[in-house]
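Structure file data-v5.cif; described as mmCIF, C-alpha atoms and all ligand atoms.
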```
data_run
loop_
_atom_site.label_atom_id
_atom_site.label_comp_id
_atom_site.auth_asym_id
_atom_site.auth_seq_id
_atom_site.Cartn_x
_atom_site.Cartn_y
_atom_site.Cartn_z
CA MET E 1 123.44 82.67 116.04
CA SER E 2 123.29 80.89 119.35
CA ALA E 3 124.26 77.21 119.33
CA THR E 4 121.35 75.15 120.51
CA THR E 5 121.03 71.54 121.50
CA SER E 6 118.40 69.24 120.10
CA ARG E 7 115.46 68.04 122.09
CA ASP E 8 115.75 64.61 123.63
CA ILE E 9 114.34 61.75 121.65
CA GLY E 10 111.05 61.03 123.34
CA ALA E 11 110.40 64.75 123.63
CA PRO E 12 106.82 65.72 122.96
CA THR E 13 105.31 66.00 119.52
CA VAL E 14 105.45 69.53 118.13
CA THR E 15 103.03 71.09 115.66
CA ALA E 16 103.96 74.22 113.75
CA TYR E 17 102.03 76.33 111.26
CA ALA E 18 103.32 78.74 108.64
CA PRO E 19 101.25 80.64 106.05
CA GLY E 20 101.71 81.26 102.38
CA ARG E 21 101.88 84.87 101.29
CA VAL E 22 100.71 87.20 98.61
CA ASN E 23 102.48 90.37 97.66
CA LEU E 24 100.28 93.46 97.40
CA ILE E 25 103.00 95.31 95.51
CA GLY E 26 106.80 95.31 95.02
CA GLU E 27 107.93 92.64 92.55
CA HIS E 28 111.58 91.62 92.00
CA THR E 29 112.55 94.38 94.41
CA ASP E 30 113.77 92.05 97.17
CA TYR E 31 117.06 91.03 95.58
CA ASN E 32 117.58 94.66 94.55
CA LEU E 33 117.47 95.61 98.28
CA GLY E 34 114.30 97.64 97.74
CA TYR E 35 110.81 97.44 99.23
CA ALA E 36 107.79 95.14 99.09
CA LEU E 37 104.38 95.06 100.78
CA PRO E 38 103.18 91.46 101.28
CA ILE E 39 100.53 89.94 103.51
CA ALA E 40 100.62 86.50 105.11
CA LEU E 41 97.64 84.50 103.86
CA ASP E 42 94.92 82.82 105.83
CA LEU E 43 96.11 79.64 104.06
CA GLY E 44 99.03 77.71 105.49
CA THR E 45 101.04 74.55 106.03
CA THR E 46 101.02 72.56 109.25
CA VAL E 47 103.91 70.29 110.23
CA THR E 48 103.56 67.77 113.04
CA PHE E 49 106.96 66.48 114.16
CA ARG E 50 107.43 63.54 116.48
CA PRO E 51 111.06 63.11 117.62
CA ALA E 52 112.02 59.42 117.25
CA ASP E 53 115.26 57.57 116.57
CA ASP E 54 113.84 54.09 115.98
CA HIS E 55 114.60 54.38 112.25
CA GLY E 56 118.10 55.82 112.65
CA PRO E 57 119.46 59.36 112.27
CA MET E 58 116.76 60.30 109.77
CA ILE E 59 113.68 62.35 109.29
CA SER E 60 110.89 60.70 107.34
CA ALA E 61 108.10 62.89 106.06
CA SER E 62 104.75 62.51 104.34
CA SER E 63 102.51 65.21 102.91
CA ASP E 64 98.88 65.41 101.89
CA SER E 65 99.97 67.55 98.92
CA GLU E 66 102.50 65.07 97.49
CA SER E 67 102.79 61.32 97.13
CA GLY E 68 105.30 59.00 98.80
CA THR E 69 107.50 59.35 101.85
CA ALA E 70 110.62 61.51 101.85
CA THR E 71 113.51 60.08 103.85
CA ILE E 72 116.24 62.49 104.85
CA ASP E 73 119.51 61.52 106.46
CA LEU E 74 120.42 64.14 109.08
CA GLY E 75 123.84 64.48 107.42
CA THR E 76 122.27 65.21 104.01
CA ARG E 77 124.08 67.38 101.46
CA PRO E 78 122.78 69.32 98.42
CA GLY E 79 122.09 67.00 95.51
CA GLU E 80 121.18 63.98 97.63
CA VAL E 81 117.41 64.52 97.94
CA SER E 82 115.28 65.77 95.04
CA GLY E 83 111.57 66.45 94.60
CA TRP E 84 109.49 67.86 97.44
CA GLY E 85 111.68 66.19 100.07
CA ALA E 86 114.47 68.56 99.01
CA TYR E 87 112.70 71.42 100.82
CA ILE E 88 112.83 69.48 104.08
CA ALA E 89 116.34 68.17 103.45
CA GLY E 90 117.37 71.76 102.71
CA CYS E 91 116.02 72.90 106.06
CA VAL E 92 117.88 70.11 107.87
CA TRP E 93 121.12 70.89 106.00
CA ALA E 94 120.84 74.67 106.52
CA LEU E 95 120.03 74.26 110.24
CA ARG E 96 123.06 72.04 110.73
CA GLY E 97 125.14 74.53 108.76
CA ALA E 98 124.05 77.10 111.35
CA ASP E 99 125.33 74.80 114.15
CA TYR E 100 121.88 73.65 115.12
CA GLU E 101 121.56 70.01 116.11
CA VAL E 102 118.52 68.54 114.33
CA PRO E 103 116.58 65.72 116.00
CA ALA E 104 115.58 62.54 114.15
CA GLY E 105 111.87 61.84 113.82
CA ARG E 106 108.76 61.61 111.74
CA MET E 107 106.94 64.50 110.11
CA GLU E 108 103.42 64.80 108.83
CA ILE E 109 102.55 67.73 106.60
CA THR E 110 99.14 69.09 105.71
CA SER E 111 98.53 72.26 103.73
CA THR E 112 95.83 74.57 102.45
CA VAL E 113 98.25 76.60 100.27
CA PRO E 114 97.85 75.78 96.57
CA VAL E 115 101.18 74.42 95.34
CA GLY E 116 102.98 76.22 92.52
CA SER E 117 100.49 79.09 92.23
CA GLY E 118 102.85 81.84 93.32
CA LEU E 119 101.43 81.92 96.86
CA SER E 120 104.64 80.52 98.28
CA SER E 121 103.73 77.06 99.39
CA SER E 122 107.50 76.53 99.37
CA ALA E 123 108.18 79.17 102.06
CA ALA E 124 105.16 77.99 104.06
CA LEU E 125 106.64 74.49 104.04
CA GLU E 126 110.17 75.65 104.94
CA CYS E 127 109.04 77.93 107.75
CA ALA E 128 106.69 75.33 109.28
CA VAL E 129 109.44 72.67 109.08
CA LEU E 130 112.02 74.98 110.65
CA LEU E 131 109.70 76.04 113.45
CA ALA E 132 108.80 72.42 114.21
CA LEU E 133 112.48 71.40 114.29
CA THR E 134 113.58 74.34 116.45
CA ALA E 135 110.58 74.56 118.77
CA GLU E 136 112.61 75.09 121.91
CA SER E 137 115.25 77.38 120.47
CA THR E 138 115.60 81.12 120.56
CA LEU E 139 116.28 81.57 116.86
CA SER E 140 114.87 84.91 115.74
CA GLY E 141 112.48 85.36 112.84
CA HIS E 142 115.31 86.89 110.80
CA GLU E 143 117.60 83.93 111.52
CA LEU E 144 114.87 81.47 110.54
CA ALA E 145 114.17 83.44 107.34
CA ARG E 146 117.83 83.28 106.32
CA ILE E 147 118.04 79.56 107.08
CA ALA E 148 114.89 78.93 105.01
CA GLN E 149 116.30 81.00 102.17
CA ARG E 150 119.57 79.05 102.29
CA ALA E 151 117.57 75.81 102.10
CA GLU E 152 115.68 77.01 99.03
CA ASN E 153 118.63 78.69 97.28
CA ASP E 154 121.46 76.29 98.00
CA TYR E 155 119.77 72.92 98.52
CA VAL E 156 116.64 73.06 96.33
CA GLY E 157 118.43 75.32 93.85
CA ALA E 158 115.74 78.01 93.50
CA PRO E 159 117.39 81.48 93.55
CA THR E 160 114.66 83.33 95.48
CA GLY E 161 114.93 86.44 97.65
CA LEU E 162 113.86 86.73 101.30
CA LEU E 163 110.36 88.11 100.73
CA ASP E 164 108.45 84.84 101.01
CA GLN E 165 110.08 83.71 104.23
CA LEU E 166 109.89 87.09 105.99
CA ALA E 167 106.21 87.41 105.09
CA SER E 168 105.44 83.91 106.37
CA LEU E 169 107.32 84.45 109.62
CA PHE E 170 106.33 88.06 110.41
CA GLY E 171 102.70 88.07 109.21
CA ARG E 172 99.84 89.20 111.43
CA ALA E 173 96.08 89.10 111.03
CA ASP E 174 94.65 92.23 109.36
CA THR E 175 98.13 93.56 108.67
CA ALA E 176 100.44 94.00 105.71
CA MET E 177 104.21 94.24 106.06
CA LEU E 178 106.35 96.94 104.53
CA ILE E 179 109.69 95.18 104.17
CA ASP E 180 112.90 97.10 103.58
CA PHE E 181 115.27 94.57 102.05
CA ARG E 182 118.38 96.61 102.81
CA SER E 183 117.86 96.72 106.58
CA LEU E 184 115.38 93.79 106.66
CA GLU E 185 113.20 95.97 108.84
CA VAL E 186 109.54 94.88 108.80
CA THR E 187 106.95 97.60 109.48
CA GLN E 188 103.37 96.52 110.12
CA VAL E 189 100.70 98.41 108.13
CA PRO E 190 97.02 97.89 109.08
CA VAL E 191 94.65 96.55 106.41
CA ASP E 192 91.09 97.65 107.13
CA GLU E 193 88.01 95.63 106.26
CA SER E 194 86.74 98.04 103.60
CA ALA E 195 88.51 96.40 100.68
CA THR E 196 88.26 92.80 99.57
CA ILE E 197 91.47 91.14 98.41
CA LEU E 198 91.07 88.59 95.63
CA VAL E 199 93.79 86.24 94.51
CA ILE E 200 93.09 84.94 91.03
CA ASP E 201 95.12 81.87 90.16
CA SER E 202 95.70 81.71 86.41
CA ASN E 203 96.04 77.91 86.62
CA SER E 204 98.62 78.27 83.86
CA PRO E 205 101.99 76.68 84.60
CA HIS E 206 105.06 78.86 85.11
CA ARG E 207 106.97 78.78 81.82
CA HIS E 208 110.76 79.30 81.75
CA ALA E 209 110.39 80.96 85.14
CA ALA E 210 113.74 79.91 86.60
CA GLY E 211 115.81 80.97 83.57
CA GLU E 212 113.93 84.24 83.14
CA TYR E 213 114.22 85.01 86.86
CA ALA E 214 117.99 84.53 86.66
CA ALA E 215 118.12 86.73 83.53
CA ARG E 216 116.20 89.56 85.26
CA ARG E 217 118.44 89.31 88.27
CA ALA E 218 121.53 89.47 86.05
CA SER E 219 120.14 92.55 84.20
CA CYS E 220 119.58 94.34 87.50
CA GLU E 221 123.10 93.52 88.67
CA ALA E 222 124.53 94.71 85.34
CA ALA E 223 122.50 97.93 85.56
CA ALA E 224 123.77 98.60 89.09
CA ALA E 225 127.34 97.93 87.97
CA ALA E 226 126.93 100.28 84.98
CA LEU E 227 125.71 102.96 87.39
CA GLY E 228 128.71 102.30 89.65
CA VAL E 229 126.73 101.13 92.70
CA ALA E 230 126.37 97.85 94.57
CA SER E 231 122.60 97.63 94.13
CA LEU E 232 119.76 99.58 92.51
CA ARG E 233 118.77 100.75 95.99
CA ASP E 234 121.74 103.11 95.94
CA VAL E 235 120.54 105.38 93.10
CA ASP E 236 117.71 107.88 92.70
CA GLU E 237 114.46 107.07 90.91
CA ASP E 238 115.57 108.64 87.60
CA ALA E 239 118.97 106.94 87.43
CA TRP E 240 117.75 104.51 84.74
CA ARG E 241 118.02 107.44 82.28
CA ARG E 242 121.81 107.28 82.55
CA LEU E 243 122.00 103.69 81.29
CA PRO E 244 123.07 103.33 77.65
CA ASP E 245 121.49 99.92 77.04
CA GLY E 246 117.74 99.98 76.23
CA THR E 247 116.84 96.68 77.90
CA GLN E 248 118.80 97.55 81.02
CA ARG E 249 117.08 100.95 81.16
CA ARG E 250 113.66 99.34 81.19
CA ARG E 251 114.64 96.68 83.73
CA ALA E 252 116.10 99.31 86.06
CA ARG E 253 113.12 101.63 85.52
CA HIS E 254 110.78 98.90 86.74
CA ILE E 255 112.77 98.38 89.93
CA LEU E 256 113.23 102.08 90.70
CA THR E 257 109.62 103.08 90.01
CA GLU E 258 108.33 99.96 91.79
CA ASN E 259 110.18 100.93 94.98
CA ALA E 260 108.51 104.35 94.86
CA ARG E 261 105.12 102.70 94.28
CA VAL E 262 105.57 100.40 97.28
CA LEU E 263 106.25 103.35 99.59
CA ALA E 264 103.25 105.24 98.19
CA ALA E 265 101.10 102.11 98.52
CA SER E 266 101.97 101.66 102.20
CA VAL E 267 100.86 105.26 102.82
CA ALA E 268 97.63 104.70 100.83
CA LEU E 269 96.94 101.48 102.74
CA ASN E 270 97.54 103.16 106.07
CA ASP E 271 95.15 105.96 105.03
CA GLY E 272 92.54 103.48 103.79
CA ASP E 273 92.76 105.12 100.35
CA VAL E 274 91.75 102.17 98.18
CA THR E 275 91.49 104.27 95.01
CA ALA E 276 95.11 105.39 95.26
CA LEU E 277 96.23 101.89 96.16
CA GLY E 278 94.38 100.46 93.15
CA GLU E 279 96.03 102.96 90.80
CA LEU E 280 99.46 102.01 92.13
CA MET E 281 98.67 98.32 91.60
CA ASP E 282 97.63 99.01 88.00
CA ALA E 283 100.81 101.01 87.37
CA SER E 284 102.86 98.17 88.84
CA HIS E 285 101.26 95.73 86.43
CA VAL E 286 102.04 97.94 83.43
CA SER E 287 105.64 98.23 84.60
CA MET E 288 105.97 94.46 84.97
CA ARG E 289 104.36 93.93 81.56
CA ASP E 290 106.23 96.53 79.52
CA ASP E 291 109.50 97.23 81.35
CA PHE E 292 110.32 94.04 83.23
CA GLU E 293 108.52 91.75 80.75
CA ILE E 294 107.51 89.10 83.28
CA THR E 295 103.77 88.82 82.61
CA THR E 296 102.02 86.52 80.13
CA PRO E 297 99.00 87.13 77.86
CA THR E 298 96.84 85.08 80.25
CA ILE E 299 97.96 87.08 83.28
CA ASP E 300 97.50 90.39 81.40
CA LEU E 301 93.96 89.38 80.44
CA ILE E 302 93.08 88.41 84.01
CA ALA E 303 94.36 91.73 85.41
CA GLU E 304 92.59 93.72 82.70
CA THR E 305 89.33 91.82 83.18
CA ALA E 306 89.39 92.30 86.96
CA ARG E 307 89.74 96.05 86.36
CA LEU E 308 86.96 96.11 83.76
CA VAL E 309 84.61 94.22 86.07
CA GLY E 310 85.19 96.80 88.78
CA ALA E 311 88.38 96.24 90.80
CA TYR E 312 90.10 99.33 92.24
CA GLY E 313 93.30 97.82 90.84
CA ALA E 314 94.85 94.52 89.80
CA ARG E 315 98.34 93.26 89.17
CA MET E 316 100.30 90.10 88.71
CA THR E 317 101.79 88.96 91.99
CA GLY E 318 104.85 86.76 92.42
CA GLY E 319 107.89 86.16 90.26
CA GLY E 320 106.01 86.05 86.97
CA PHE E 321 105.53 83.96 83.80
CA GLY E 322 102.29 82.54 85.20
CA GLY E 323 101.01 82.32 88.75
CA SER E 324 98.38 84.63 90.20
CA VAL E 325 96.86 88.10 89.96
CA ILE E 326 95.90 90.08 93.06
CA ALA E 327 92.93 92.43 92.83
CA LEU E 328 91.62 94.95 95.32
CA CYS E 329 87.90 95.60 95.17
CA ALA E 330 84.71 96.61 96.95
CA SER E 331 82.69 93.62 98.12
CA ASP E 332 80.06 93.93 95.36
CA SER E 333 82.73 93.98 92.63
CA ALA E 334 84.45 91.04 94.34
CA ASP E 335 81.23 89.06 93.88
CA ARG E 336 80.95 90.06 90.23
CA ILE E 337 84.59 89.26 89.51
CA THR E 338 84.24 85.86 91.18
CA VAL E 339 81.22 85.02 89.01
CA GLU E 340 82.12 86.67 85.69
CA LEU E 341 85.91 86.65 85.34
CA PRO E 342 86.54 82.89 85.01
CA ASP E 343 84.15 82.66 82.03
CA ILE E 344 85.49 85.77 80.31
CA VAL E 345 89.08 84.51 80.58
CA SER E 346 88.33 80.95 79.49
CA ALA E 347 86.29 82.30 76.53
CA GLY E 348 89.56 83.86 75.37
CA GLY E 349 91.10 80.39 75.11
CA HIS E 350 92.94 80.47 78.44
CA PRO E 351 92.74 78.02 81.37
CA THR E 352 89.81 78.81 83.68
CA PRO E 353 91.17 80.83 86.61
CA THR E 354 90.33 80.16 90.26
CA VAL E 355 89.25 83.17 92.32
CA ARG E 356 89.83 83.23 96.10
CA VAL E 357 89.01 85.86 98.69
CA VAL E 358 91.92 86.18 101.11
CA ARG E 359 92.57 88.15 104.29
CA PRO E 360 95.87 88.84 106.00
CA GLY E 361 96.31 85.98 108.46
CA PRO E 362 98.68 85.24 111.33
CA GLY E 363 102.35 84.47 110.72
CA ALA E 364 104.21 81.27 111.57
CA HIS E 365 103.64 79.94 115.08
CA LEU E 366 103.61 76.80 117.17
CA LEU E 367 100.19 75.26 117.74
P1 LIG E 401 105.04 78.15 95.19
O1 LIG E 401 105.98 78.45 96.30
O2 LIG E 401 104.66 79.36 94.41
O3 LIG E 401 103.83 77.39 95.62
P2 LIG E 401 107.30 76.66 94.25
O4 LIG E 401 107.61 76.05 92.94
O5 LIG E 401 108.24 77.68 94.79
O6 LIG E 401 105.81 77.25 94.15
O7 LIG E 401 107.17 75.55 95.36
C1 LIG E 401 106.33 74.45 95.14
C2 LIG E 401 107.05 73.17 95.55
O8 LIG E 401 107.26 73.17 96.98
C3 LIG E 401 106.22 71.93 95.28
O9 LIG E 401 106.43 71.47 93.96
C4 LIG E 401 106.75 70.97 96.32
O10 LIG E 401 107.97 70.39 95.88
C5 LIG E 401 107.06 71.87 97.50
N1 LIG E 401 105.92 71.95 98.43
C6 LIG E 401 105.22 73.05 98.75
N2 LIG E 401 104.25 72.78 99.67
C7 LIG E 401 104.35 71.47 99.93
C8 LIG E 401 103.65 70.57 100.80
N3 LIG E 401 102.64 70.99 101.57
N4 LIG E 401 104.04 69.28 100.82
C9 LIG E 401 105.06 68.85 100.07
N5 LIG E 401 105.76 69.64 99.23
C10 LIG E 401 105.41 70.93 99.14
MG MG E 402 107.92 79.24 96.09
#
```
Take the structure in the file and give it back as C-alpha cells.
Amino acid sequence: MSATTSRDIGAPTVTAYAPGRVNLIGEHTDYNLGYALPIALDLGTTVTFRPADDHGPMISASSDSESGTATIDLGTRPGEVSGWGAYIAGCVWALRGADYEVPAGRMEITSTVPVGSGLSSSAALECAVLLALTAESTLSGHELARIAQRAENDYVGAPTGLLDQLASLFGRADTAMLIDFRSLEVTQVPVDESATILVIDSNSPHRHAAGEYAARRASCEAAAAALGVASLRDVDEDAWRRLPDGTQRRRARHILTENARVLAASVALNDGDVTALGELMDASHVSMRDDFEITTPTIDLIAETARLVGAYGARMTGGGFGGSVIALCASDSADRITVELPDIVSAGGHPTPTVRVVRPGPGAHLL
C-alpha cells in the first residue's frame, strides 16, 4: 500500500456514498474462499466529512440512524469506542495501521440502508467513511475492502468475510458481481430488467448470530483439516462424502454445492434464464436450512410463501438466524407478494415482514 499524506486542515468538505448489498446466492462461501453473487443496492449511506482541528486530534460523528455523537481520538485502539462509533473508530484505526494519516474533522452520516436487516448497513458505513477519509488517495478498491474488513473484524469484533465490502465498493447499476474469494477477482454479470428483485425483511432480530457464525466457520475449518486441505475451495464437489462426522459432512456439503450453484447462477443470470436462477435460489435455501442449519422458522415461511405466491425462487440472504429473504419474480408476482405475503406470514404468528423492490445500484463513490 502506498503511504499517503492527509489533506490539510481547511481542505474542502468531502461527501462519499457507499451502498448496502444483497447477495443473490452464495452464503458462507466467502470465508471458505469460494464464490458469491451479490448486487450493490440502490440504498446507501452518505458521509459528509469536514476536515477541522478546532476540537483536537479527533473525529466527531453524528448519524441520522443512531442517537448521540461519537467522538474518536485519532490514536484510538480496539476496545476504546463501543456502539455505532466503533465502526468509524475501526476505520480510523485500520487506516492508520495501513500507514495512512487520518485527518481530524467532523462527520455527518445519513443512510437509507435499514440497520441490522442483513443488507450490510455496516459495510455501507465503513466504505463511505473510508472513502470520505481517503478522498485524495490512490487506495484501490481491494485495499479499501481489506481495511474495512479489518475495522469490522478487529475493532468492532464481528468476524465477517470480505463479501459485504467488495460488493459495496465494486457495485454497478444493473450489474451483479461474481466474486471469487480465492483470487478476489470480481466479474461483472449483467442483470436485465425482466426480473424483479424483492428483499423481504423478516423484521425478526438475529438470534445467537455471532456464536452460530463462529461455530459454522469452525466446522468448515475442521472439515477442511479433516480432508487435508487449507480450505474447502481445494476439494471437489463430492469431497464431503469422505468426512466421517455427520455434522461436518452436512456443513461441507452446503459449502461445496453452494459454490457450484453460484457458478451456475451467474451463467443463468447472464443468459437471462430466470427459471433456472430461481431453481438454484430454492436449492440454496434448502441447503442452508437442512445442511448448514442457519435459517429460522420465520425465514423458512417467508421463502416458502414467496414461492407459493409466484416467485421464480426465494432464499434467505445474509449470514442467517434472521435477516432477509431475497426473491426473484415477474412483475405481476412481485405485486402479489408485496400485497399478500406480509399478512400470510403475520397470520402464522410471526412479525410482519417488510417487502422492498430493489435494483442493482452504483458502488461506492465520491459525490
Ligand atoms: P447489517 O450490516 O446487516 O445492517 P450489522 O449488525 O452488521 O447489521 O451492522 C449494524 C450496525 O452498524 C448498527 O447497529 C450500527 O452500530 C452500525 N451502523 C450501520 N449503519 C449505520 C449508520 N448509518 N449510522 C450509524 N451506525 C450505523
Ligand atoms: Mg453487517
Figure out the distance between CA of Ile72 in chain E and CA of Gly90 in chain E, please, to one decimal in Å.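 Straight-line distance from CA of Gly90 in chain E to CA of Ile72 in chain E works out to 9.6 Å.
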Could you tell me, counting all atoms listed in the file, which protein and nucleic acid residues lie no more than 10 Å from ligand MG 402 (chain E), written as JSON, numbers by chain? {"E": [20, 21, 115, 116, 117, 118, 119, 120, 121, 122, 123, 124, 125, 126, 152, 158, 160, 164, 165, 318, 319]}
If I wrap all listed atoms of ligand LIG 401 (chain E) in a box with edges along x, y and z and add 6 Å on each side, what are its centre and edge lengths in Å to one decimal, as AutoDock Vina command-line options?
```
--center_x 105.4 --center_y 74.1 --center_z 97.3 --size_x 17.6 --size_y 22.5 --size_z 20.6
```
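With distances restricted to all atoms listed in the file, E:Gly320 is the closest residue to ligand LIG 401 (chain E) from E:Gly320, E:Asp30, E:Arg216, E:Gly97.
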Nearest-residue call for Arg217 in chain E, choices E:Pro190, E:Pro38, E:Gly161, E:Pro51, using only C-alpha atoms: E:Gly161
Counting only C-alpha atoms, select every polymer residue within 8 Å of (121.0, 98.4, 90.5) as defined in the file's coordinates, and provide the selection as number ranges by chain. E: 32, 220-225, 227, 229-235, 252
I want to know what sits within 8 Å of His142 in chain E, based on only C-alpha atoms, with residues of the same chain fewer than 3 positions away left out; could you give that as a list in words?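 These residues fall inside the cut-off: Ala145, Arg146 and Leu166 of chain E.
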Can you tell me, as JSON, numbers by chain, which residues sit within 12 Å of (116.3, 102.0, 83.4) in the file's frame, using only C-alpha atoms? {"E": [219, 220, 222, 223, 224, 226, 227, 232, 235, 236, 237, 238, 239, 240, 241, 242, 243, 244, 245, 246, 247, 248, 249, 250, 251, 252, 253, 254, 255, 256, 257, 258, 287, 291, 292]}
Could you name the residues that touch Val189 in chain E at 7 Å or less, counting only C-alpha atoms, but leaving out those on the same chain fewer than 3 positions away, as JSON, numbers by chain? {"E": [175, 176, 177, 178, 266, 270]}
Generate the coordinates of N, CA, C and O atoms for range 180-200 of chain E; report them as a PDB file, keeping the file's coordinate frame.
```pdb
ATOM      1  N   ASP E 180     111.741  96.423 104.162  1.00  0.00           N
ATOM      2  CA  ASP E 180     112.900  97.100 103.580  1.00  0.00           C
ATOM      3  C   ASP E 180     114.000  96.038 103.455  1.00  0.00           C
ATOM      4  O   ASP E 180     114.512  95.561 104.468  1.00  0.00           O
ATOM      5  N   PHE E 181     114.332  95.672 102.241  1.00  0.00           N
ATOM      6  CA  PHE E 181     115.270  94.570 102.050  1.00  0.00           C
ATOM      7  C   PHE E 181     116.729  94.967 102.231  1.00  0.00           C
ATOM      8  O   PHE E 181     117.596  94.110 102.168  1.00  0.00           O
ATOM      9  N   ARG E 182     116.999  96.241 102.468  1.00  0.00           N
ATOM     10  CA  ARG E 182     118.380  96.610 102.810  1.00  0.00           C
ATOM     11  C   ARG E 182     118.611  96.394 104.302  1.00  0.00           C
ATOM     12  O   ARG E 182     119.580  95.777 104.696  1.00  0.00           O
ATOM     13  N   SER E 183     117.690  96.869 105.127  1.00  0.00           N
ATOM     14  CA  SER E 183     117.860  96.720 106.580  1.00  0.00           C
ATOM     15  C   SER E 183     117.153  95.464 107.101  1.00  0.00           C
ATOM     16  O   SER E 183     117.387  95.044 108.220  1.00  0.00           O
ATOM     17  N   LEU E 184     116.274  94.893 106.272  1.00  0.00           N
ATOM     18  CA  LEU E 184     115.380  93.790 106.660  1.00  0.00           C
ATOM     19  C   LEU E 184     114.397  94.187 107.752  1.00  0.00           C
ATOM     20  O   LEU E 184     113.828  93.350 108.443  1.00  0.00           O
ATOM     21  N   GLU E 185     114.191  95.490 107.881  1.00  0.00           N
ATOM     22  CA  GLU E 185     113.200  95.970 108.840  1.00  0.00           C
ATOM     23  C   GLU E 185     111.796  95.670 108.291  1.00  0.00           C
ATOM     24  O   GLU E 185     111.536  95.850 107.093  1.00  0.00           O
ATOM     25  N   VAL E 186     110.918  95.197 109.176  1.00  0.00           N
ATOM     26  CA  VAL E 186     109.540  94.880 108.800  1.00  0.00           C
ATOM     27  C   VAL E 186     108.627  95.834 109.562  1.00  0.00           C
ATOM     28  O   VAL E 186     108.629  95.851 110.790  1.00  0.00           O
ATOM     29  N   THR E 187     107.859  96.654 108.833  1.00  0.00           N
ATOM     30  CA  THR E 187     106.950  97.600 109.480  1.00  0.00           C
ATOM     31  C   THR E 187     105.513  97.151 109.217  1.00  0.00           C
ATOM     32  O   THR E 187     105.129  96.931 108.066  1.00  0.00           O
ATOM     33  N   GLN E 188     104.739  96.996 110.280  1.00  0.00           N
ATOM     34  CA  GLN E 188     103.370  96.520 110.120  1.00  0.00           C
ATOM     35  C   GLN E 188     102.470  97.672 109.646  1.00  0.00           C
ATOM     36  O   GLN E 188     102.563  98.781 110.171  1.00  0.00           O
ATOM     37  N   VAL E 189     101.635  97.405 108.656  1.00  0.00           N
ATOM     38  CA  VAL E 189     100.700  98.410 108.130  1.00  0.00           C
ATOM     39  C   VAL E 189      99.285  97.814 108.213  1.00  0.00           C
ATOM     40  O   VAL E 189      99.046  96.742 107.650  1.00  0.00           O
ATOM     41  N   PRO E 190      98.356  98.485 108.922  1.00  0.00           N
ATOM     42  CA  PRO E 190      97.020  97.890 109.080  1.00  0.00           C
ATOM     43  C   PRO E 190      96.259  97.809 107.752  1.00  0.00           C
ATOM     44  O   PRO E 190      96.369  98.694 106.907  1.00  0.00           O
ATOM     45  N   VAL E 191      95.507  96.724 107.586  1.00  0.00           N
ATOM     46  CA  VAL E 191      94.650  96.550 106.410  1.00  0.00           C
ATOM     47  C   VAL E 191      93.209  96.564 106.923  1.00  0.00           C
ATOM     48  O   VAL E 191      92.811  95.662 107.657  1.00  0.00           O
ATOM     49  N   ASP E 192      92.451  97.604 106.570  1.00  0.00           N
ATOM     50  CA  ASP E 192      91.090  97.650 107.130  1.00  0.00           C
ATOM     51  C   ASP E 192      90.160  96.737 106.329  1.00  0.00           C
ATOM     52  O   ASP E 192      90.529  96.157 105.324  1.00  0.00           O
ATOM     53  N   GLU E 193      88.948  96.605 106.823  1.00  0.00           N
ATOM     54  CA  GLU E 193      88.010  95.630 106.260  1.00  0.00           C
ATOM     55  C   GLU E 193      87.319  96.149 105.007  1.00  0.00           C
ATOM     56  O   GLU E 193      86.578  95.415 104.361  1.00  0.00           O
ATOM     57  N   SER E 194      87.564  97.440 104.656  1.00  0.00           N
ATOM     58  CA  SER E 194      86.740  98.040 103.600  1.00  0.00           C
ATOM     59  C   SER E 194      87.012  97.446 102.227  1.00  0.00           C
ATOM     60  O   SER E 194      86.135  97.436 101.376  1.00  0.00           O
ATOM     61  N   ALA E 195      88.200  96.944 102.000  1.00  0.00           N
ATOM     62  CA  ALA E 195      88.510  96.400 100.680  1.00  0.00           C
ATOM     63  C   ALA E 195      88.629  94.890 100.742  1.00  0.00           C
ATOM     64  O   ALA E 195      89.127  94.333 101.707  1.00  0.00           O
ATOM     65  N   THR E 196      88.128  94.246  99.696  1.00  0.00           N
ATOM     66  CA  THR E 196      88.260  92.800  99.570  1.00  0.00           C
ATOM     67  C   THR E 196      89.498  92.507  98.730  1.00  0.00           C
ATOM     68  O   THR E 196      89.733  93.162  97.713  1.00  0.00           O
ATOM     69  N   ILE E 197      90.283  91.547  99.168  1.00  0.00           N
ATOM     70  CA  ILE E 197      91.470  91.140  98.410  1.00  0.00           C
ATOM     71  C   ILE E 197      91.161  89.815  97.723  1.00  0.00           C
ATOM     72  O   ILE E 197      90.809  88.839  98.378  1.00  0.00           O
ATOM     73  N   LEU E 198      91.273  89.823  96.395  1.00  0.00           N
ATOM     74  CA  LEU E 198      91.070  88.590  95.630  1.00  0.00           C
ATOM     75  C   LEU E 198      92.415  88.119  95.097  1.00  0.00           C
ATOM     76  O   LEU E 198      93.222  88.929  94.617  1.00  0.00           O
ATOM     77  N   VAL E 199      92.645  86.832  95.186  1.00  0.00           N
ATOM     78  CA  VAL E 199      93.790  86.240  94.510  1.00  0.00           C
ATOM     79  C   VAL E 199      93.245  85.347  93.416  1.00  0.00           C
ATOM     80  O   VAL E 199      92.435  84.452  93.671  1.00  0.00           O
ATOM     81  N   ILE E 200      93.635  85.646  92.191  1.00  0.00           N
ATOM     82  CA  ILE E 200      93.090  84.940  91.030  1.00  0.00           C
ATOM     83  C   ILE E 200      94.214  84.094  90.430  1.00  0.00           C
ATOM     84  O   ILE E 200      95.155  84.615  89.829  1.00  0.00           O
TER      85      ILE E 200
END
```
